[in-house]
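Chemist: The structure is given below, and queries will be raised subsequently.
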Amino acid sequence: MKELSVTETPLQRKMVRFAQFIGLLVLGSSVAIIVFGLFLGMTLKELFITAVAASVATIPEGLPIVVTVTMAIGITRMARRNAIMRKLSAVETLGSTTIICSDKTGTLTKNEMTVKAVYDGQHGFEVTGSGYDPEGEILHDWEPTDEESLKGLRAMLRIGLLCNESRIVQEEGQFRIDGDPTEGALIVSAMKGGLEPGEEKKTYPQVGMIPFESDRGFMATLHKHNGGGVIFLKGAPEKVLDMCKDLPSGEALDRTKVEKTAERFAEDGLRVLAMAYKEVGESSVVGKFSHDHLGNDLVFAGLQGMIDPPRPEAIKAIEGCKQAGIRVAMITGDHAVTASAIGKMIGLKENKSPAITGKEMEEINDDELFARVQETSVYARVSPQHKLRIVQQYMRHGEVVAVTGDGVNDAPALKAAHIGAAMGKTGTDVAREAADMVITDDNFASIFHAVEEGRIVFDNIRKVTLFLIPTGFAAILSILISMFLEIPIPYVAAQLLWINLVTNGLQDVALAFEPGEKDIIKRKPRNPKEGIMSRLMVERSILVGIIIAAGVIYNFYSALSENISLEHARTIAMTTMVLFQFFQAWNSRSEMQSIFRMNPLSNPFLFYSMIAAFLAQIAVIYVPALQWIFRTEALTAIEWVKIAVVAITVIVAVEIEKAVRRRASAKI
C-alpha cells in the first residue's frame with residue numbers, strides 16, 4: 001500500500017505563518033527604536049534595554065500556552081459530548097471542517113437492522129415486528145402465510161440463519177445481538193418463520209466457511225446434511241446472482257425479475273441480501289472449503305430486505321451542518337438505490353445528483369472523480385480503497401475533510417483526512433489508532449457537536465490574539481511616539497515586563513474559557529487559507545493600538561506638564577496601559593457582539609482574573625517594596641478617575657466600530 005503522510009493541521013500552518021509575521025514585526029520595531037533613539041542622542045545601553053523590554057511586551061509569548069489551554073478545554077468539552085480526541089492539534093481542525101464523509105450504518109442510522117420484506121423467487125412477503133425481539137410473523141399481502149409457502153420460505157430463511165457468525169442473546173427480558181446487526185436481523189427473521197437456531201445448527205453442523213469481504217461481496221458456509229453436504233451463501237444480489245442458475249423448483253432463474261424486486265426493496269430504503277445454496281457430495285465436506293466448491297450453478301433461494309432506520313438526532317445534525325455551511329457525504333457499502341433512499345430520508349439528496357458506485361469509480365480516473373465529487377452526496381457499494389480516493393479528491397478541492405471509519409481497511413482514509421473519526425463501539429483497534437478522534441456512541445450527531453466545539457476553540461484563540469496583539473502594538477507605538485516627541489519613554493523595562501507577564505498573563509488565559517457565542521455554528525466555515533489574523537482583526541488591532549498608545553501618551557504628557565516626578569508620571573502611564581488592557585479584554589469577548597449584550601459572569605474566569613490583576617496592580621503602586629522594584633509612586637483618587645476616563649475610550653471606540661460593521665453586514 002502507498003505510504004500516506006500525516007496531514008498537517010490548518011492551525012499548525014497558521015501558527016507557523018503567524019509566528020513568522022510577529023518575529024519580523026518585533027525585529028523591525030526593535031531596530032526602529034534603536035536607530036531612532038541613536039538619532040535623538042540616547043545611549044546605546046538605554047536603547048538596548050528599552051528595545052528588549054518592548055520586544056518582550058510585543059511578543060505574545062502567552063499565546064502558545066493559551067492555545068494549548070484552549071484546546072485542552074475543548075477536549076474536555078468534547079469528551080462530555082461523546083467525542084474523545086486523540087491528538088490535541090486536531091481539536092481546532094474540527095472547527096475548520098467543510099465536509100464530513102460519514103459511514104451510514106450505526107452512524108447515520110441506528111444500527112438496529114430489522115427484516116421487513118422477503119422474496120422466495122416468485123412471491124413477496126411482509127415481516128412484522130421490529131428490533132431484535134423475535135415476536136412477529138411473515139405475511140403475504142398482509143394475511144397469514146399458509147404452511148406450504150412457509151415451507152419454501154424456510155429454505156431461504158435457513159441460509160440467513162446458518163450462513164452467519166452472530167447470535168441472539170436474551171438478558172433480563174431484552175434481546176440483543178452479539179455480532180453484526182445485519183446478521184442478527186437474519187436470525188430474527190428466521191425465528192419469526194418458525195426456525196429454532198439451536199436445532200438448525202444441530203441438523204446442519206458447519207464444517208467450513210468463506211468469510212465476508214467487501215471486495216468479494218458475499219459469505220459462504222459449508223454444512224453436513226443427510227450424509228452429504230450443502231453450501232449456504234448470502235451476499236449482495238448482483239454478486240449472488242452471478243453464481244446462480246436455477247430456482248428450487250428446478251425452473252431457470254429469471255434474473256431480470258429478481259433484480260427488479262431487489263430494486264423495489266431498495267427504493268423503499270431496504271438493504272437487500274440474496275440467498276443461495278448448493279447441495280454437494282460427501283467428498284466435498286472433507287478437507288478445506290474454498291471458492292472452488294462454489295462454481296456458478298447455485299440455486300437461488302430468495303431475497304431479504306431489511307431497514308436500519310435513520311437516527312433522529314443525525315437528521316437534526318445534518319440540518320445543523322447545512323446551516324453551518326458544512327457538506328455531508330454518505331459513504332456506504334449498500335446498493336445505490338438503497339443508499340439514495342436513505343440519503344433522501346436524512347436530507348442528503350437535495351442536489352438531485354445520482355449516487356456514485358464503487359463500480360463506476362473503478363471505470364473513471366482521479367480527474368473525472370475530482371469533477372464529480374463536488375456534486376455528489378451519496379457513494380454506494382464503496383470499498384475502503386474507494387473511500388480513500390473520495391477523501392483525496394475532496395482535499396484536492398481545498399476542503400477540510402473529516403471522515404469516519406470502523407474497519408481495519410478504513411485506516412488509510414482515516415489517516416489521510418484532516419480529521420479521522422473512528423467508531424468507539426464497533427471500531428477496530430487499527431481504526432482507532434489511525435484516527436484523530438473516537439466517537440464513543442458511534443453517532444453522527446456527536447461528530448457535529450465536536451465540530452461546534454472545534455469552532456469555539458479557534459474562536460477563543462482569535463479572541464486571545466485580538467487581546468494580545470493590539471496591546472503589544474500599543475506598547476511599541478507609545479515608545480516610538482514618546483521618542484518622536486522627545487519626551488522620556490513612558491515606562492521602565494521592569495514596568496513593561498510587569499504589564500506583559502502579570503496583567504496580560506491572567507486575562508489571556510481566562511479568555512480561553514469563553515463558552516462560545518450563540519451563532520457560532522450558524523456561521524459559514526472559515527476559509528482554510530485565512531490566517532489567525534482576519535482582516536477585521538488587523539483593522540481593529542490597528543484602531544485599538546492607536547487609541548491605547550494615544551491615551552497612554554496623553555496621560556503621561558499631561559502628568560509631566562504638571563511638574564510631577566518622572567516616576568509618578570510613569571506610574572500613571574503604566575496604570576493607564578493596565579486599565580486599557582482590562583477594557584480590551586472585555587472587547588475581545590466577541591468580534592461583532594456588543595459587550596453590553598453579554599453576561600459578564602458567563603465567563604467567571606475572566607471576571608475573577610481581572611479582579612486578581614487589578615489587586616496586583618494596586619499592590620505594585622502602594623506596597624513600598626514593590627514600589628522600589630517597579631519604580632512606582634502612589635496615585636491619588638483624582639488621578640485614578642482621569643486614568644479610568646481615558647481608558648474607557650477603547651470600549652466606546654470599539655462599540656461604535658462593531659455597530660458600523662453589524663449595520664454593514666445586515667445590508668449585504
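In the C-alpha cells, each chain is lettered A, B, ... as it comes, each chain's residues begin at 1, and ligands are numbered from 1 in order of appearance.
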Skipping near chain neighbours, those fewer than 5 positions away, what residues fall within 7 Å of A:Phe232 using only C-alpha atoms, listed as a PyMOL selection string?
Modeler: chain A and resi 159+163+220-222+276-278
Chemist: Can those selected residues be exported to a file as a CSV table (one decimal), in the first residue's frame so that it contains C-alpha atoms?
Modeler:
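The result, written out as out-v9.csv:
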chain,number,residue,atom,x,y,z
A,159,ILE,CA,-29.5,-19.8,4.8
A,163,CYS,CA,-24.6,-18.6,7.0
A,220,ALA,CA,-20.4,-18.8,2.3
A,221,THR,CA,-20.6,-21.7,4.7
A,222,LEU,CA,-20.4,-25.5,4.3
A,276,ALA,CA,-28.4,-19.2,-2.5
A,277,TYR,CA,-27.5,-22.8,-1.8
A,278,LYS,CA,-25.9,-25.9,-3.5
Chemist: For stretch 434-438 of chain A, list every protein, DNA or RNA residue within 7 Å, evaluated using only C-alpha atoms, and leave out those in the same chain fewer than 2 positions away; present the list as a ChimeraX atom specification.
Modeler: /A:83-87,90,411,414-415,419-424,430-432,440
Chemist: So which residues of stretch 358-533 of chain A fall under strand (DSSP E) by DSSP, listed as a list in words?
Modeler: Val378, Tyr379, Ala380, Val401, Ala402, Val403, Thr404, Gly405, Ile419, Gly420, Ala421, Ala422, Met423, Met437, Val438 and Ile439 of chain A
Chemist: Just to be explicit: take each residue in the selection above, keep N, CA, C and O atoms, and write the result as an mmCIF file, in the first residue's frame.
Modeler:
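Result file follows (part24.cif):
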data_model
loop_
_atom_site.group_PDB
_atom_site.id
_atom_site.type_symbol
_atom_site.label_atom_id
_atom_site.label_comp_id
_atom_site.auth_asym_id
_atom_site.auth_seq_id
_atom_site.Cartn_x
_atom_site.Cartn_y
_atom_site.Cartn_z
ATOM 1 N N VAL A 378 -23.867 11.009 -2.054
ATOM 2 C CA VAL A 378 -24.045 9.606 -1.678
ATOM 3 C C VAL A 378 -23.126 8.730 -2.531
ATOM 4 O O VAL A 378 -23.091 8.862 -3.761
ATOM 5 N N TYR A 379 -22.384 7.847 -1.853
ATOM 6 C CA TYR A 379 -21.497 6.897 -2.525
ATOM 7 C C TYR A 379 -21.904 5.497 -2.070
ATOM 8 O O TYR A 379 -22.003 5.230 -0.866
ATOM 9 N N ALA A 380 -22.149 4.601 -3.024
ATOM 10 C CA ALA A 380 -22.680 3.274 -2.707
ATOM 11 C C ALA A 380 -21.758 2.168 -3.216
ATOM 12 O O ALA A 380 -20.967 2.372 -4.140
ATOM 13 N N VAL A 401 -11.418 18.035 5.410
ATOM 14 C CA VAL A 401 -12.230 16.821 5.384
ATOM 15 C C VAL A 401 -12.167 16.070 6.712
ATOM 16 O O VAL A 401 -11.083 15.794 7.233
ATOM 17 N N ALA A 402 -13.347 15.727 7.229
ATOM 18 C CA ALA A 402 -13.468 14.791 8.348
ATOM 19 C C ALA A 402 -14.084 13.514 7.790
ATOM 20 O O ALA A 402 -15.022 13.574 6.993
ATOM 21 N N VAL A 403 -13.555 12.363 8.183
ATOM 22 C CA VAL A 403 -14.061 11.095 7.650
ATOM 23 C C VAL A 403 -14.217 10.103 8.791
ATOM 24 O O VAL A 403 -13.415 10.085 9.725
ATOM 25 N N THR A 404 -15.268 9.292 8.720
ATOM 26 C CA THR A 404 -15.498 8.276 9.745
ATOM 27 C C THR A 404 -15.112 6.903 9.209
ATOM 28 O O THR A 404 -15.098 6.668 8.002
ATOM 29 N N GLY A 405 -14.808 5.988 10.117
ATOM 30 C CA GLY A 405 -14.466 4.625 9.723
ATOM 31 C C GLY A 405 -14.413 3.723 10.934
ATOM 32 O O GLY A 405 -14.236 4.192 12.066
ATOM 33 N N ILE A 419 -9.243 15.128 9.546
ATOM 34 C CA ILE A 419 -9.755 14.570 10.803
ATOM 35 C C ILE A 419 -10.277 13.169 10.531
ATOM 36 O O ILE A 419 -11.188 12.976 9.721
ATOM 37 N N GLY A 420 -9.698 12.177 11.180
ATOM 38 C CA GLY A 420 -10.197 10.811 11.102
ATOM 39 C C GLY A 420 -10.966 10.497 12.372
ATOM 40 O O GLY A 420 -10.449 10.670 13.479
ATOM 41 N N ALA A 421 -12.212 10.068 12.211
ATOM 42 C CA ALA A 421 -13.067 9.765 13.365
ATOM 43 C C ALA A 421 -13.404 8.278 13.370
ATOM 44 O O ALA A 421 -14.126 7.799 12.492
ATOM 45 N N ALA A 422 -12.868 7.550 14.339
ATOM 46 C CA ALA A 422 -13.132 6.115 14.455
ATOM 47 C C ALA A 422 -14.321 5.878 15.380
ATOM 48 O O ALA A 422 -14.593 6.683 16.282
ATOM 49 N N MET A 423 -15.010 4.786 15.149
ATOM 50 C CA MET A 423 -16.157 4.440 15.975
ATOM 51 C C MET A 423 -15.700 3.745 17.258
ATOM 52 O O MET A 423 -14.859 2.842 17.217
ATOM 53 N N MET A 437 -9.755 11.129 16.401
ATOM 54 C CA MET A 437 -10.763 11.164 17.445
ATOM 55 C C MET A 437 -11.570 9.875 17.412
ATOM 56 O O MET A 437 -11.606 9.178 16.405
ATOM 57 N N VAL A 438 -12.176 9.560 18.551
ATOM 58 C CA VAL A 438 -13.007 8.360 18.671
ATOM 59 C C VAL A 438 -14.395 8.798 19.136
ATOM 60 O O VAL A 438 -14.534 9.511 20.132
ATOM 61 N N ILE A 439 -15.417 8.384 18.379
ATOM 62 C CA ILE A 439 -16.805 8.691 18.730
ATOM 63 C C ILE A 439 -17.343 7.541 19.575
ATOM 64 O O ILE A 439 -17.556 6.439 19.072
#
Chemist: When DSSP works through the backbone of this structure, what residues of stretch 97-277 of chain A end up as alpha helix (DSSP H), shown as a ChimeraX atom specification?
Modeler: /A:147-162,181-192,197-203,237-241,255-267
